[in-house]
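Okay, coords_20.txt now, which holds compact mmCIF, C-alpha atoms and all ligand atoms:
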# COMPACT_ATOMS: atom_id res chain seq x y z
CA MET A 26 0.00 0.00 0.00
CA GLU A 27 2.82 2.33 0.95
CA THR A 28 4.40 1.92 -2.48
CA PHE A 29 1.16 2.78 -4.28
CA GLU A 30 0.64 5.96 -2.26
CA GLU A 31 4.24 7.05 -2.50
CA LEU A 32 4.53 6.46 -6.24
CA ASP A 33 0.99 7.42 -7.28
CA ASP A 34 1.93 10.75 -8.93
CA TRP A 35 4.93 9.15 -10.62
CA HIS A 36 2.75 6.36 -11.97
CA ARG A 37 -0.06 8.60 -13.25
CA GLU A 38 2.35 10.81 -15.13
CA LEU A 39 4.21 7.83 -16.52
CA ARG A 40 1.06 6.03 -17.70
CA SER A 41 0.01 9.12 -19.66
CA HIS A 42 3.09 8.55 -21.87
CA PHE A 43 1.53 5.44 -23.46
CA PRO A 44 -0.91 6.34 -26.26
CA ILE A 45 -2.12 2.73 -26.66
CA LEU A 46 -3.22 2.72 -23.01
CA THR A 47 -4.74 6.19 -22.83
CA ASP A 48 -6.65 5.57 -26.09
CA GLY A 49 -8.11 2.28 -24.83
CA PRO A 50 -8.92 2.71 -21.14
CA ASP A 51 -11.19 -0.36 -21.08
CA GLN A 52 -8.32 -2.65 -22.00
CA ALA A 53 -5.82 -3.84 -19.39
CA TYR A 54 -2.56 -4.98 -20.96
CA LEU A 55 -1.17 -7.65 -18.62
CA ASP A 56 1.27 -9.39 -20.98
CA SER A 57 4.43 -7.29 -20.75
CA ALA A 58 6.65 -10.36 -20.39
CA ALA A 59 5.75 -11.09 -24.03
CA THR A 60 6.39 -7.54 -25.20
CA ALA A 61 6.12 -4.12 -23.60
CA GLN A 62 4.07 -1.12 -24.72
CA LYS A 63 5.93 1.87 -26.12
CA PRO A 64 6.02 5.36 -24.62
CA ARG A 65 5.41 8.36 -26.87
CA ALA A 66 9.11 9.32 -26.65
CA VAL A 67 10.00 6.05 -28.41
CA LEU A 68 7.30 6.46 -31.07
CA ASP A 69 8.34 10.09 -31.70
CA THR A 70 12.00 9.12 -31.96
CA VAL A 71 11.22 6.50 -34.60
CA GLN A 72 9.10 8.97 -36.57
CA HIS A 73 11.81 11.61 -36.28
CA TYR A 74 14.57 9.24 -37.36
CA LEU A 75 12.65 7.92 -40.35
CA THR A 76 11.66 11.41 -41.48
CA THR A 77 15.00 13.16 -40.95
CA ALA A 78 17.94 10.76 -41.20
CA ASN A 79 16.88 7.34 -42.53
CA ALA A 80 19.84 5.70 -44.29
CA ASN A 81 22.00 2.59 -43.98
CA ALA A 82 24.70 2.40 -41.30
CA GLY A 83 28.41 1.90 -41.91
CA ARG A 84 28.01 2.57 -45.64
CA GLY A 85 27.93 5.89 -47.47
CA THR A 86 29.57 9.19 -46.65
CA TYR A 87 26.64 11.59 -46.86
CA THR A 88 24.93 13.27 -43.90
CA TRP A 89 22.10 10.80 -43.27
CA ALA A 90 24.42 7.78 -43.55
CA ASN A 91 26.86 9.40 -41.13
CA ALA A 92 24.06 10.25 -38.70
CA THR A 93 22.83 6.64 -38.82
CA THR A 94 26.32 5.21 -38.28
CA ALA A 95 26.76 7.56 -35.31
CA LEU A 96 23.38 6.48 -33.93
CA VAL A 97 24.35 2.80 -34.04
CA GLU A 98 27.72 3.38 -32.35
CA ARG A 99 26.24 5.73 -29.74
CA THR A 100 23.54 3.18 -28.89
CA ARG A 101 26.16 0.46 -28.33
CA THR A 102 27.72 2.65 -25.65
CA ARG A 103 24.26 3.52 -24.31
CA VAL A 104 23.33 -0.17 -23.91
CA ALA A 105 26.61 -0.92 -22.10
CA ALA A 106 26.18 2.06 -19.77
CA PHE A 107 22.54 1.08 -19.07
CA LEU A 108 23.82 -2.32 -17.93
CA GLY A 109 26.33 -0.70 -15.56
CA ASP A 110 29.43 -1.34 -17.69
CA PRO A 111 31.96 1.19 -16.33
CA ALA A 112 34.10 1.18 -19.48
CA PRO A 113 31.99 0.41 -22.58
CA GLY A 114 34.04 -0.98 -25.45
CA ARG A 115 37.19 -1.64 -23.42
CA PRO A 116 37.20 -4.61 -24.01
CA SER A 117 33.45 -5.22 -23.73
CA GLY A 118 31.18 -5.02 -26.76
CA VAL A 119 27.52 -4.76 -27.74
CA HIS A 120 26.03 -6.64 -30.67
CA PHE A 121 22.49 -5.84 -31.85
CA THR A 122 20.04 -8.69 -32.45
CA SER A 123 16.34 -9.13 -33.07
CA GLY A 124 15.80 -10.29 -29.49
CA THR A 125 16.96 -12.65 -26.78
CA THR A 126 16.45 -15.79 -28.88
CA GLU A 127 18.75 -14.58 -31.63
CA GLY A 128 21.26 -13.28 -29.08
CA LEU A 129 21.58 -16.60 -27.24
CA ARG A 130 21.65 -18.52 -30.51
CA THR A 131 24.45 -16.29 -31.83
CA ILE A 132 26.57 -16.96 -28.74
CA ALA A 133 25.90 -20.71 -29.03
CA ARG A 134 26.73 -20.75 -32.75
CA ASP A 135 29.57 -18.25 -33.09
CA TRP A 136 31.37 -18.23 -29.74
CA LEU A 137 30.71 -21.33 -27.65
CA PRO A 138 32.03 -24.04 -30.03
CA GLY A 139 35.43 -22.33 -30.24
CA HIS A 140 35.54 -22.08 -26.46
CA LEU A 141 34.90 -25.76 -25.73
CA ARG A 142 37.28 -28.72 -25.91
CA ASP A 143 36.56 -32.45 -25.99
CA GLY A 144 35.36 -33.57 -22.55
CA ASP A 145 34.27 -30.12 -21.37
CA GLU A 146 31.05 -29.65 -19.43
CA ILE A 147 28.45 -26.91 -19.62
CA ILE A 148 25.68 -26.20 -17.09
CA VAL A 149 22.41 -24.87 -18.52
CA PRO A 150 18.80 -24.41 -17.32
CA PHE A 151 16.22 -27.01 -18.40
CA ALA A 152 13.08 -25.35 -17.01
CA ASP A 153 13.62 -21.76 -18.10
CA HIS A 154 12.65 -20.32 -21.50
CA GLN A 155 13.53 -22.76 -24.29
CA ALA A 156 15.50 -19.95 -25.95
CA ASN A 157 18.00 -20.53 -23.12
CA LEU A 158 18.17 -24.30 -23.59
CA LEU A 159 17.84 -25.28 -27.25
CA PRO A 160 20.85 -23.27 -28.55
CA TRP A 161 23.18 -24.98 -26.04
CA LEU A 162 21.88 -28.44 -27.01
CA GLU A 163 22.32 -27.55 -30.68
CA ALA A 164 25.92 -26.48 -30.01
CA GLN A 165 26.51 -29.83 -28.29
CA GLN A 166 25.15 -31.66 -31.35
CA GLN A 167 27.15 -29.56 -33.77
CA LEU A 168 30.34 -30.30 -31.84
CA ALA A 169 29.48 -34.02 -31.61
CA GLY A 170 29.38 -34.02 -35.43
CA GLN A 171 33.00 -32.86 -35.32
CA GLY A 172 33.99 -35.53 -32.78
CA VAL A 173 34.04 -33.10 -29.82
CA ARG A 174 32.02 -34.53 -26.93
CA ILE A 175 30.48 -32.06 -24.51
CA ARG A 176 28.59 -33.01 -21.39
CA VAL A 177 25.49 -30.89 -20.73
CA ARG A 178 24.47 -30.72 -17.07
CA GLU A 179 21.25 -29.32 -15.71
CA LEU A 180 21.45 -26.20 -13.58
CA PRO A 181 19.65 -27.45 -10.45
CA TYR A 182 16.39 -25.93 -9.20
CA ASP A 183 14.93 -25.81 -5.74
CA PRO A 184 11.46 -27.34 -6.34
CA ALA A 185 9.84 -25.34 -3.52
CA SER A 186 10.86 -21.84 -4.59
CA HIS A 187 11.71 -22.47 -8.27
CA ASP A 188 14.91 -20.55 -7.61
CA TYR A 189 18.11 -22.26 -8.71
CA ASP A 190 19.39 -24.58 -6.02
CA HIS A 191 22.46 -22.56 -5.19
CA ARG A 192 23.54 -25.02 -2.52
CA ALA A 193 23.57 -27.94 -4.96
CA LEU A 194 25.41 -26.07 -7.69
CA PRO A 195 29.00 -26.28 -6.34
CA ALA A 196 28.83 -30.10 -6.38
CA LEU A 197 28.17 -29.99 -10.15
CA VAL A 198 31.23 -27.90 -10.90
CA THR A 199 34.32 -29.84 -11.98
CA GLY A 200 37.67 -28.96 -13.48
CA ARG A 201 35.99 -29.37 -16.90
CA THR A 202 33.14 -26.91 -16.31
CA ALA A 203 33.62 -24.41 -19.12
CA PHE A 204 30.36 -22.44 -19.39
CA VAL A 205 27.17 -21.69 -17.45
CA ALA A 206 23.90 -20.30 -18.81
CA ALA A 207 21.29 -18.88 -16.43
CA THR A 208 18.22 -16.65 -16.37
CA HIS A 209 17.96 -13.44 -14.35
CA VAL A 210 14.18 -13.44 -13.76
CA HIS A 211 12.06 -16.49 -14.53
CA HIS A 212 9.47 -15.83 -17.24
CA VAL A 213 6.86 -18.19 -15.72
CA TYR A 214 7.40 -18.07 -11.96
CA GLY A 215 8.55 -14.44 -11.82
CA GLY A 216 11.32 -15.25 -9.36
CA ASP A 217 14.60 -13.39 -9.27
CA MET A 218 16.96 -16.34 -9.71
CA ASN A 219 19.70 -14.94 -7.45
CA VAL A 220 22.26 -15.29 -10.22
CA HIS A 221 24.77 -13.16 -8.32
CA ARG A 222 25.42 -16.36 -6.34
CA ILE A 223 26.58 -18.35 -9.37
CA ARG A 224 30.05 -16.79 -9.65
CA ALA A 225 31.08 -17.97 -6.17
CA ALA A 226 29.96 -21.51 -7.02
CA VAL A 227 31.74 -21.81 -10.38
CA GLY A 228 34.96 -19.94 -9.59
CA PRO A 229 36.63 -16.96 -11.23
CA ASP A 230 37.30 -18.31 -14.73
CA VAL A 231 34.07 -19.85 -16.04
CA PRO A 232 32.06 -17.63 -18.43
CA ILE A 233 28.44 -17.08 -17.36
CA CYS A 234 25.76 -16.13 -19.88
CA LEU A 235 22.67 -14.38 -18.54
CA ASP A 236 19.26 -14.35 -20.20
CA ALA A 237 18.04 -10.96 -19.01
CA ALA A 238 14.86 -10.87 -21.14
CA GLN A 239 12.66 -10.38 -18.07
CA SER A 240 14.93 -8.08 -16.11
CA VAL A 241 16.32 -5.39 -18.45
CA GLY A 242 13.86 -2.52 -18.31
CA HIS A 243 12.13 -3.92 -15.23
CA LEU A 244 14.82 -3.57 -12.60
CA PRO A 245 18.37 -2.27 -12.36
CA VAL A 246 20.76 -4.71 -14.07
CA ASP A 247 24.41 -4.30 -13.13
CA VAL A 248 27.02 -6.36 -14.95
CA GLY A 249 29.57 -5.42 -12.30
CA GLY A 250 27.62 -6.76 -9.33
CA LEU A 251 26.51 -9.89 -11.19
CA ASP A 252 29.99 -10.65 -12.57
CA VAL A 253 28.58 -12.33 -15.68
CA ASP A 254 30.16 -12.44 -19.14
CA PHE A 255 27.16 -12.11 -21.44
CA VAL A 256 23.91 -10.24 -20.88
CA VAL A 257 21.28 -10.95 -23.53
CA PHE A 258 17.98 -9.10 -23.73
CA SER A 259 15.07 -8.16 -25.97
CA GLY A 260 14.74 -4.43 -26.67
CA HIS A 261 11.04 -4.92 -27.44
CA LYS A 262 10.40 -6.10 -23.88
CA ALA A 263 12.20 -2.94 -22.69
CA MET A 264 9.85 -0.60 -24.61
CA ALA A 265 11.81 -0.42 -27.88
CA LEU A 266 10.38 -1.60 -31.23
CA PRO A 267 9.79 -5.27 -32.08
CA GLY A 268 12.82 -6.86 -33.72
CA THR A 269 15.30 -5.25 -31.33
CA GLY A 270 17.65 -6.76 -28.78
CA ALA A 271 21.30 -6.91 -27.82
CA VAL A 272 24.13 -9.03 -26.52
CA TRP A 273 26.55 -7.34 -24.14
CA ALA A 274 29.84 -9.28 -23.91
CA ARG A 275 32.47 -8.67 -21.25
CA ASN A 276 35.21 -10.20 -23.43
CA THR A 277 37.65 -11.03 -20.63
CA ARG A 278 37.00 -14.76 -20.07
CA GLY A 279 37.79 -16.83 -23.15
CA ALA A 280 37.97 -15.36 -26.65
CA ALA A 281 36.27 -12.08 -27.45
CA PHE A 282 32.72 -12.44 -28.82
CA ARG A 283 32.78 -11.78 -32.58
CA PRO A 284 29.55 -12.82 -34.28
CA GLY A 285 30.44 -14.53 -37.53
CA GLY A 286 29.08 -14.04 -40.99
CA TRP A 287 27.79 -11.02 -42.81
CA SER A 288 24.82 -9.69 -40.92
CA GLY A 289 23.64 -7.16 -43.50
CA THR A 290 21.72 -3.97 -42.82
CA PRO A 291 21.06 -3.40 -39.13
CA ASN A 292 17.60 -2.54 -37.76
CA THR A 293 18.44 1.16 -37.68
CA CYS A 294 15.05 2.54 -36.64
CA GLY A 295 14.86 -0.24 -34.04
CA ILE A 296 18.23 0.87 -32.69
CA ALA A 297 16.96 4.48 -32.59
CA SER A 298 13.96 3.23 -30.62
CA LEU A 299 16.24 1.35 -28.23
CA GLU A 300 18.27 4.44 -27.44
CA ALA A 301 15.06 6.38 -26.74
CA ALA A 302 13.63 3.52 -24.65
CA LEU A 303 16.73 3.30 -22.44
CA ASP A 304 16.65 7.08 -21.93
CA TRP A 305 12.97 6.85 -21.01
CA LEU A 306 13.57 3.95 -18.59
CA ASP A 307 16.45 5.77 -16.90
CA ALA A 308 14.29 8.87 -16.46
CA ALA A 309 11.43 6.76 -15.02
CA GLY A 310 13.93 4.93 -12.76
CA THR A 311 14.31 1.17 -12.96
CA ASP A 312 14.44 0.96 -9.17
CA ARG A 313 11.01 2.62 -8.96
CA ILE A 314 9.69 0.45 -11.80
CA ARG A 315 10.78 -2.60 -9.82
CA ARG A 316 9.11 -1.37 -6.63
CA TRP A 317 5.89 -0.64 -8.49
CA THR A 318 5.66 -3.94 -10.39
CA THR A 319 6.64 -5.94 -7.29
CA ALA A 320 3.87 -4.19 -5.35
CA LEU A 321 1.35 -4.94 -8.12
CA ALA A 322 2.43 -8.60 -8.11
CA GLY A 323 2.03 -8.62 -4.32
CA ARG A 324 -1.51 -7.25 -4.63
CA LEU A 325 -2.36 -10.00 -7.11
CA THR A 326 -0.78 -12.86 -5.12
CA ASP A 327 -2.45 -11.65 -1.92
CA GLY A 328 -5.80 -11.53 -3.73
CA LEU A 329 -5.37 -14.94 -5.31
CA ARG A 330 -4.31 -16.59 -2.08
CA GLY A 331 -7.70 -15.63 -0.70
CA CYS A 332 -9.38 -17.71 -3.45
CA ALA A 333 -9.28 -21.46 -2.95
CA ALA A 334 -10.01 -22.04 -6.65
CA TYR A 335 -6.60 -20.75 -7.76
CA ARG A 336 -3.12 -22.12 -7.34
CA ILE A 337 -0.15 -19.82 -7.90
CA LEU A 338 2.87 -21.46 -9.52
CA GLY A 339 6.35 -20.93 -8.17
CA CYS A 340 6.99 -19.35 -4.84
CA GLN A 341 3.62 -19.04 -3.17
CA GLN A 342 3.99 -15.64 -1.66
CA SER A 343 5.25 -12.29 -2.77
CA LEU A 344 8.38 -11.80 -0.75
CA ALA A 345 9.50 -8.38 0.31
CA ALA A 346 11.69 -6.47 -2.12
CA ASP A 347 14.63 -6.74 0.31
CA SER A 348 14.26 -10.49 0.78
CA THR A 349 17.53 -12.35 0.57
CA VAL A 350 15.67 -15.58 -0.13
CA GLN A 351 13.85 -14.85 -3.36
CA ARG A 352 11.98 -11.90 -4.77
CA ARG A 353 8.99 -12.24 -7.03
CA GLU A 354 9.22 -9.63 -9.75
CA GLY A 355 6.21 -8.46 -11.77
CA ILE A 356 5.09 -11.86 -13.07
CA VAL A 357 2.40 -14.03 -11.49
CA THR A 358 1.32 -17.35 -13.03
CA PHE A 359 -1.56 -19.47 -11.82
CA ARG A 360 -4.18 -22.10 -12.65
CA HIS A 361 -7.83 -22.47 -11.76
CA ARG A 362 -8.50 -25.85 -10.16
CA ALA A 363 -11.33 -26.68 -12.59
CA ILE A 364 -11.27 -24.29 -15.57
CA PRO A 365 -8.58 -25.06 -18.17
CA SER A 366 -6.13 -22.17 -18.49
CA ASN A 367 -6.76 -21.64 -22.19
CA ASP A 368 -10.49 -21.19 -21.51
CA LEU A 369 -9.65 -18.82 -18.69
CA GLY A 370 -7.54 -16.79 -21.12
CA PHE A 371 -10.56 -16.39 -23.44
CA VAL A 372 -12.82 -15.40 -20.55
CA LEU A 373 -10.36 -12.77 -19.35
CA ALA A 374 -9.92 -11.45 -22.90
CA SER A 375 -13.68 -10.99 -23.16
CA HIS A 376 -13.38 -8.66 -20.14
CA GLY A 377 -10.57 -6.68 -21.81
CA LEU A 378 -7.93 -8.37 -19.61
CA MET A 379 -4.99 -9.31 -21.84
CA VAL A 380 -3.01 -12.15 -20.26
CA ARG A 381 -1.06 -15.07 -21.65
CA ALA A 382 -2.56 -18.54 -21.29
CA ASP A 383 -0.44 -21.44 -22.58
CA GLY A 384 2.81 -23.25 -21.81
CA HIS A 385 4.95 -20.08 -22.09
CA CYS A 386 7.70 -21.65 -24.28
CA GLN A 387 9.21 -23.26 -21.21
CA GLY A 388 12.14 -25.63 -21.72
CA ARG A 389 12.20 -29.42 -21.54
CA ALA A 390 11.77 -29.70 -17.76
CA GLY A 391 8.95 -27.15 -17.60
CA GLU A 392 5.30 -27.41 -16.65
CA SER A 393 3.37 -30.02 -18.63
CA GLU A 394 0.07 -28.20 -18.27
CA SER A 395 -0.69 -24.67 -19.44
CA SER A 396 -1.26 -21.80 -17.05
CA VAL A 397 -2.31 -18.16 -16.99
CA ARG A 398 0.47 -15.61 -16.76
CA VAL A 399 -0.06 -12.01 -15.68
CA SER A 400 3.02 -9.91 -16.35
CA LEU A 401 3.27 -6.30 -15.31
CA HIS A 402 5.09 -3.14 -16.17
CA ALA A 403 5.31 0.38 -14.83
CA TYR A 404 2.15 1.45 -16.68
CA ASN A 405 -0.11 -1.11 -14.99
CA SER A 406 -2.28 0.13 -12.15
CA PRO A 407 -3.67 -1.29 -8.90
CA ALA A 408 -7.14 -0.72 -10.40
CA GLU A 409 -6.30 -3.12 -13.22
CA ILE A 410 -5.25 -5.78 -10.71
CA ASP A 411 -8.50 -5.25 -8.81
CA ARG A 412 -10.51 -5.60 -12.04
CA LEU A 413 -8.69 -8.82 -12.81
CA LEU A 414 -9.25 -10.17 -9.30
CA ALA A 415 -12.96 -9.30 -9.45
CA VAL A 416 -13.38 -11.33 -12.65
CA LEU A 417 -11.28 -14.23 -11.33
CA ARG A 418 -13.32 -14.34 -8.11
CA SER A 419 -16.58 -14.36 -10.02
CA LEU A 420 -15.75 -17.57 -11.90
N1 LIG B 1 14.11 -15.66 -22.52
C1 LIG B 1 13.13 -15.31 -21.69
C2 LIG B 1 13.34 -15.45 -20.21
C3 LIG B 1 11.93 -14.81 -22.19
O1 LIG B 1 10.96 -14.46 -21.36
C4 LIG B 1 11.78 -14.67 -23.60
C5 LIG B 1 10.50 -14.12 -24.20
N2 LIG B 1 9.33 -14.60 -23.63
C6 LIG B 1 12.83 -15.04 -24.42
C7 LIG B 1 13.97 -15.53 -23.85
C8 LIG B 1 12.74 -14.90 -25.92
O2 LIG B 1 12.72 -13.54 -26.27
P1 LIG B 1 12.48 -13.08 -27.77
O3 LIG B 1 11.17 -13.67 -28.18
O4 LIG B 1 12.44 -11.60 -27.71
O5 LIG B 1 13.60 -13.59 -28.58
Output the structure of this file as structure tokens.
Ligand code: PMP
Amino acid sequence: METFEELDDWHRELRSHFPILTDGPDQAYLDSAATAQKPRAVLDTVQHYLTTANANAGRGTYTWANATTALVERTRTRVAAFLGDPAPGRPSGVHFTSGTTEGLRTIARDWLPGHLRDGDEIIVPFADHQANLLPWLEAQQQLAGQGVRIRVRELPYDPASHDYDHRALPALVTGRTAFVAATHVHHVYGGDMNVHRIRAAVGPDVPICLDAAQSVGHLPVDVGGLDVDFVVFSGHKAMALPGTGAVWARNTRGAAFRPGGWSGTPNTCGIASLEAALDWLDAAGTDRIRRWTTALAGRLTDGLRGCAAYRILGCQQSLAADSTVQRREGIVTFRHRAIPSNDLGFVLASHGLMVRADGHCQGRAGESESSVRVSLHAYNSPAEIDRLLAVLRSL
């Protein structure tokens, strides 16, 4: 309650920046883990770029081409700074992608095989998003075709909290552990996966790759504090245009990350939108965004726990933002005990409540049954949560 009162003015002002929300007040967009809505500053930047400087980047010597090349280089530095990199470009680097899936796949295809030797082991998550599992398995297969055998081990989970089992992890680490992939915030259970604890378990030399699809733009992400080697995210989930994303690479453990092949024309207006989105997020304050979305998630979990018909997946309660055990960020996933989740999704849609109801692209060890996911961003309001709860209670 305190958070809502304290941040009420901030939230009202901020919500007014989203034309799609102010033009459709009867709709509640509760699917920001899939993609986020765009503030006017991002839309205006795209319009401005396309009407004043649209050209290709890294080619041509005329004004618009130079402006576009400068935009791309400036946004690389902007992404690194947004992630807390104290010295962008020295030796770290930023590579633009269409999203997290392409980013992780590029690391698995262009960097990982050269880093691994016969008999090496990698530790990867089997119940996170499949975008953070399939590329590593594909790399293993590709290497097997060349006679290089890699052992893939499962990053252990604590079944009660759905956090990683950080106590079990050290026992999995051997002298051959060469790479770890993890997820910052779980896209189904909404838990902060306490990835800052992984470095101590794996030692100083093992590269760690972080899927930050659900954290960048939602909470402060600091590559220094996390001591990871890759941060991969989707710009479109951080309020930039669809088809945007980036890989930040530290480039100090193993070879430097140099995506192979000719990648062609970059998504220049997407990159312009990403720069504007990061500026907007910094001005809004990712620490306040986190407080707000955590409070909204708390309101929803508290409301659902009062209804016997619903079961929340993952950690059953919204833990305080300063919890050292596990925090639930702005994602709450649940099932009705009798109504199939897909049907529930249709019912909620008929009330203008836009949620996701399916299996959420979870990896091999994920849930076998679909569920309803409510995922929040700074623009969502307590009134929207109350509307949702009223409909859920009425069923
Ligand atoms: N990882 C996680 C944790 C995600 O939530 C998602 C998107 N749901 C992805 C990866 C894939 O992102 P994209 O579709 O932007 O490639």
(message) Show me, as number ranges by chain, the residues that have an atom within 9 Å of range 154-167 of chain A when counting only C-alpha atoms, minus same-chain residues fewer than 3 positions from it.
(response) A: 125-127, 129-134, 137-138, 147, 149-151, 170-171, 173-177, 206-208, 211-213, 235-236, 385-389, 391
I need the residues from that last selection saved to file as a PDB file, keeping the file's coordinate frame (with C-alpha atoms), if you can.
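Written file, out_3.pdb:
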ATOM      1  CA  THR A 125      16.960 -12.650 -26.780  1.00  0.00           C
ATOM      2  CA  THR A 126      16.450 -15.790 -28.880  1.00  0.00           C
ATOM      3  CA  GLU A 127      18.750 -14.580 -31.630  1.00  0.00           C
ATOM      4  CA  LEU A 129      21.580 -16.600 -27.240  1.00  0.00           C
ATOM      5  CA  ARG A 130      21.650 -18.520 -30.510  1.00  0.00           C
ATOM      6  CA  THR A 131      24.450 -16.290 -31.830  1.00  0.00           C
ATOM      7  CA  ILE A 132      26.570 -16.960 -28.740  1.00  0.00           C
ATOM      8  CA  ALA A 133      25.900 -20.710 -29.030  1.00  0.00           C
ATOM      9  CA  ARG A 134      26.730 -20.750 -32.750  1.00  0.00           C
ATOM     10  CA  LEU A 137      30.710 -21.330 -27.650  1.00  0.00           C
ATOM     11  CA  PRO A 138      32.030 -24.040 -30.030  1.00  0.00           C
ATOM     12  CA  ILE A 147      28.450 -26.910 -19.620  1.00  0.00           C
ATOM     13  CA  VAL A 149      22.410 -24.870 -18.520  1.00  0.00           C
ATOM     14  CA  PRO A 150      18.800 -24.410 -17.320  1.00  0.00           C
ATOM     15  CA  PHE A 151      16.220 -27.010 -18.400  1.00  0.00           C
ATOM     16  CA  GLY A 170      29.380 -34.020 -35.430  1.00  0.00           C
ATOM     17  CA  GLN A 171      33.000 -32.860 -35.320  1.00  0.00           C
ATOM     18  CA  VAL A 173      34.040 -33.100 -29.820  1.00  0.00           C
ATOM     19  CA  ARG A 174      32.020 -34.530 -26.930  1.00  0.00           C
ATOM     20  CA  ILE A 175      30.480 -32.060 -24.510  1.00  0.00           C
ATOM     21  CA  ARG A 176      28.590 -33.010 -21.390  1.00  0.00           C
ATOM     22  CA  VAL A 177      25.490 -30.890 -20.730  1.00  0.00           C
ATOM     23  CA  ALA A 206      23.900 -20.300 -18.810  1.00  0.00           C
ATOM     24  CA  ALA A 207      21.290 -18.880 -16.430  1.00  0.00           C
ATOM     25  CA  THR A 208      18.220 -16.650 -16.370  1.00  0.00           C
ATOM     26  CA  HIS A 211      12.060 -16.490 -14.530  1.00  0.00           C
ATOM     27  CA  HIS A 212       9.470 -15.830 -17.240  1.00  0.00           C
ATOM     28  CA  VAL A 213       6.860 -18.190 -15.720  1.00  0.00           C
ATOM     29  CA  LEU A 235      22.670 -14.380 -18.540  1.00  0.00           C
ATOM     30  CA  ASP A 236      19.260 -14.350 -20.200  1.00  0.00           C
ATOM     31  CA  HIS A 385       4.950 -20.080 -22.090  1.00  0.00           C
ATOM     32  CA  CYS A 386       7.700 -21.650 -24.280  1.00  0.00           C
ATOM     33  CA  GLN A 387       9.210 -23.260 -21.210  1.00  0.00           C
ATOM     34  CA  GLY A 388      12.140 -25.630 -21.720  1.00  0.00           C
ATOM     35  CA  ARG A 389      12.200 -29.420 -21.540  1.00  0.00           C
ATOM     36  CA  GLY A 391       8.950 -27.150 -17.600  1.00  0.00           C
TER      37      GLY A 391
END
(message) Applying 7 Å and only C-alpha atoms, which residues near range 180-194 of chain A remain after dropping the ones on its own chain fewer than 2 positions away? List them as a ChimeraX atom specification.
(response) /A:148-150,178,196-198,216,218,222,226,339-340
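Each of A:Arg418, A:Arg381, A:Arg101, A:Arg324 was checked against ligand LIG 1 (chain B) using all atoms listed in the file; the smallest atom-to-atom distance is that of A:Arg381.
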(message) as number ranges by chain, please: the residues near Ser400 in chain A (cut-off 8 Å, all atoms listed in the file, same-chain neighbours under 2 positions excluded).
(response) A: 55-58, 355-357, 380, 398, 402
Would you mind exporting the chosen residues as a PDB file, in the frame of the given file, restricted to C-alpha atoms?
ATOM      1  CA  LEU A  55      -1.170  -7.650 -18.620  1.00  0.00           C
ATOM      2  CA  ASP A  56       1.270  -9.390 -20.980  1.00  0.00           C
ATOM      3  CA  SER A  57       4.430  -7.290 -20.750  1.00  0.00           C
ATOM      4  CA  ALA A  58       6.650 -10.360 -20.390  1.00  0.00           C
ATOM      5  CA  GLY A 355       6.210  -8.460 -11.770  1.00  0.00           C
ATOM      6  CA  ILE A 356       5.090 -11.860 -13.070  1.00  0.00           C
ATOM      7  CA  VAL A 357       2.400 -14.030 -11.490  1.00  0.00           C
ATOM      8  CA  VAL A 380      -3.010 -12.150 -20.260  1.00  0.00           C
ATOM      9  CA  ARG A 398       0.470 -15.610 -16.760  1.00  0.00           C
ATOM     10  CA  HIS A 402       5.090  -3.140 -16.170  1.00  0.00           C
TER      11      HIS A 402
END
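Comparing A:Glu300, A:Asp327, A:Asp217, A:Glu392 by their smallest distance to ligand LIG 1 (chain B), the closest is A:Asp217 (using all atoms listed in the file).
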(request) Determine, counting only C-alpha atoms, which protein, DNA and RNA residues have an atom within 6 Å of an atom of Asp254 in chain A; residues of the same chain fewer than 5 positions away are not included. Present the result as a list in words. (result) Pro232, Ile233, Cys234, Ala274 and Arg275 of chain A
(request) Find the residues near Gly83 in chain A: any atom within 12 Å, counting all atoms listed in the file, skip ones fewer than 4 places away on the same chain, and give them as a VMD selection string. (result) chain A and resid 87 89 to 98 289 to 291 293
(message) Calculated over only C-alpha atoms, which of the candidates A:Ala271, A:Arg65, A:Arg99, A:Gly328 has the smallest distance to His120 in chain A?
(response) A:Ala271
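Across A:Ala320, A:Val397, A:Ala61, A:Ala203, the tightest approach to ligand LIG 1 (chain B) is made by A:Ala61 when counting only C-alpha atoms and all ligand atoms.
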(request) May I ask for the distance between CA of Asn292 in chain A and atom C8 of ligand LIG 1 (chain B), given in Å to one decimal place? (result) 17.8 Å
Which centre and edge lengths in Å to one decimal define the box along x, y and z that fits every listed atom of ligand LIG 1 (chain B) plus 5 Å per side, as AutoDock Vina command-line options?
--center_x 11.7 --center_y -13.6 --center_z -24.4 --size_x 14.8 --size_y 14.1 --size_z 18.4
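Minimum atom-to-atom distances from A:Pro229, A:Gly279, A:Gly286, A:Gly215 to ligand LIG 1 (chain B) were compared using only C-alpha atoms and all ligand atoms, and the lowest value belongs to A:Gly215.
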